[in-house]
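*Asks:* Below is the structure I would like to discuss, written out as C-alpha cells.
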Amino acid sequence: MADWKGGLRRVLYPAYESRLLRRLPDNLPQHVGVMLDGNRRWAKAVGRDTAHGHRAGAANIEPLLGWCDEVGIQVVTLWLLSTDNLNRPEAELEPLLEIIEEAVDSLADQRRWRLHPVGALDLLPARTAERLKAAAEATSDVDGMLVNVAVGYGGRREIADAVRSLLLEHAAKGTTLEELATIIDVEHISDHLYTKGQPDPDLVIRTSGEQRLGGFLLWQSAKSEFYFCEAYWPEFRRVDFLRAIRAYALRERRFGS
C-alpha cells in the first residue's frame, strides 16, 4: 500500500507543483529566511544516527536554493547552526561542523550563488571560520542570489555585536557617550548587523512543526511573515516550498499599520 501511494505521489506531484508555480501571484518575497530544523528527529524516525540526519539535511540545501532561483528570490538566509548548538556534545558537534563545511564548500564550488557568512565566527573553530570566509571570497564576484550562511548565529548575540561595533566606531571618532546617546537610532544599529545593507526578510520558513523563532533574525524579522511547515528539514520538498511562497503571496501585509 505504501509503495502504491508513493508511486501515485510521484506521478501527481509534478503536475501539482507546476500548477502552483503557474498560479503564484506577482508579490513574491525578496528575502526568505529558512530555519532548517528537524534533522535529528528525522534521523531518529528513520532509525539512523544523528550524523545521517545532518547529512540528509545538508543534501537538501542545494535543491532549496534552486527553488528560490526558480521564483526569483534575491536573498536567502539559511540557519545552519545556532550559538546554542555550539554547546552540544563534541561527538555530535564535530561531525556537524564538518558536514556544514563540506556543504558550504560544495555551494561555493558551483559558483551559482554569492555566499555570505553571518554569525559570531569568533565562537567557531578556526578551521570552520576560515572555510566560511574562503567560500565568501571565492563567490564574491558571482552575479547570483545572495545566500547568507548563518553558522554560530544567535539573534541576541547579533544585536550585542552590532551595538559593540557601533560603540567602537564612534569611540574611534571621538564621539562621547552623551553625544552618541542623542543621535543613536534604529538605523544606526541596523547598519552594524551581520546583514547590513540587505533587505529584511519578507518571509521566514521553519520546518519540523516548531512554531517559534528561537533567536533567528530577531531584529530583522520584526515585520516578516512566518510559515511553519510540519515536515522535518530533510524531507522538505519543492511542493512545501511553493506552498509557503503561495501562503505569503496571499497574505495582506500591514507592516504594523
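Labeling convention for the C-alpha cells: chains A, B, ... as they appear, residues from 1 per chain, ligands from 1 in order of appearance.
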Skip range 117-123 of chain A itself and residues of its chain fewer than 4 positions away, then list as a list in words all residues within 9 Å of it, counting only C-alpha atoms.
*Replies:* Thr77, Ser82, Thr83, Leu86, Thr128, Ala129, Glu130, Leu132, Lys133, Ala135, Ala136, Val147, Asn148, Val149, Ala150, Val151, Gly152, Tyr153, Gly154, Gly155, Arg157, Glu158, Asp161, Tyr194 and Thr195 of chain A
*Asks:* Write down as a list in words the residues of range 77-134 of chain A whose backbone DSSP state falls under strand (DSSP E).
*Replies:*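 Reading the DSSP output for range 77-134 of chain A, strand (DSSP E) covers Thr77, Leu78, Trp79, Leu80, Leu81, Ser82, Arg114, Leu115, His116, Pro117 and Val118 of chain A.
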*Asks:* I'd like the neighbourhood of His31 in chain A as a PyMOL selection string, where a residue qualifies if any of its atoms comes within 8 Å (using only C-alpha atoms), though same-chain residues fewer than 6 positions away should be ignored.
*Replies:* chain A and resi 73-77+199-203
*Asks:* Calculated over only C-alpha atoms, which of the candidates A:Ala58, A:Val71, A:Leu78, A:Leu218 has the smallest distance to Pro29 in chain A?
*Replies:*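 Selected residue with least distance to Pro29 in chain A: A:Val71.
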*Asks:* Rank A:Met145, A:Val186, A:Ala56, A:Ala181 by their smallest atom-to-atom distance to Ala162 in chain A, using only C-alpha atoms, and report the top residue only.
*Replies:*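 Comparing A:Met145, A:Val186, A:Ala56, A:Ala181 against Ala162 in chain A, the winner is A:Val186.
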*Asks:* Of the candidates A:Asp37, A:Asp105, A:Asp191, A:Glu225, which shows the shortest atom-to-atom distance to Val204 in chain A, using only C-alpha atoms?
*Replies:* A:Glu225
*Asks:* Report as a PyMOL selection string all protein, DNA and RNA residues lying within 10 Å of range 236-241 of chain A, evaluated on only C-alpha atoms, omitting residues in the same chain fewer than 4 positions from it.
*Replies:* chain A and resi 13-14+16-18+20-21+36+57+60-61+63-64+66-68+205+207-208+227+229-232+245-247
*Asks:* Which distance in Å separates CA of Lys223 in chain A and CA of Asp185 in chain A, to one decimal?
*Replies:*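 Atom-to-atom, CA of Lys223 in chain A and CA of Asp185 in chain A are spaced 17.7 Å apart.
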*Asks:* Enumerate, as a PyMOL selection string, the complete set of residues in range 79-188 of chain A that a backbone-based DSSP assignment places in alpha helix (DSSP H).
*Replies:* chain A and resi 90-110+126-138+155-173+177-183+186-188
*Asks:* Write out as a ChimeraX atom specification the residues lying within 12 Å of Ser165 in chain A, counting only C-alpha atoms and excluding same-chain residues fewer than 2 positions away.
*Replies:* /A:158-163,167-172,188-194
*Asks:* Dump C-alpha atoms for the selected residues as a PDB file, in the first residue's frame?
*Replies:*
ATOM      1  CA  GLU A 158      23.993  39.671  16.695  1.00  0.00           C
ATOM      2  CA  ILE A 159      22.350  42.678  18.357  1.00  0.00           C
ATOM      3  CA  ALA A 160      25.045  42.750  21.059  1.00  0.00           C
ATOM      4  CA  ASP A 161      27.743  42.590  18.363  1.00  0.00           C
ATOM      5  CA  ALA A 162      26.036  45.389  16.422  1.00  0.00           C
ATOM      6  CA  VAL A 163      25.936  47.657  19.477  1.00  0.00           C
ATOM      7  CA  LEU A 167      30.332  51.937  20.117  1.00  0.00           C
ATOM      8  CA  LEU A 168      33.806  51.119  18.850  1.00  0.00           C
ATOM      9  CA  GLU A 169      33.197  53.041  15.628  1.00  0.00           C
ATOM     10  CA  HIS A 170      32.161  56.180  17.499  1.00  0.00           C
ATOM     11  CA  ALA A 171      34.906  55.790  20.075  1.00  0.00           C
ATOM     12  CA  ALA A 172      37.421  55.881  17.215  1.00  0.00           C
ATOM     13  CA  HIS A 188      22.500  53.186  13.407  1.00  0.00           C
ATOM     14  CA  ILE A 189      22.117  49.674  14.839  1.00  0.00           C
ATOM     15  CA  SER A 190      20.847  48.209  11.559  1.00  0.00           C
ATOM     16  CA  ASP A 191      23.999  49.457   9.859  1.00  0.00           C
ATOM     17  CA  HIS A 192      26.074  47.219  12.135  1.00  0.00           C
ATOM     18  CA  LEU A 193      24.109  43.967  11.868  1.00  0.00           C
ATOM     19  CA  TYR A 194      25.561  40.903  10.138  1.00  0.00           C
TER      20      TYR A 194
END
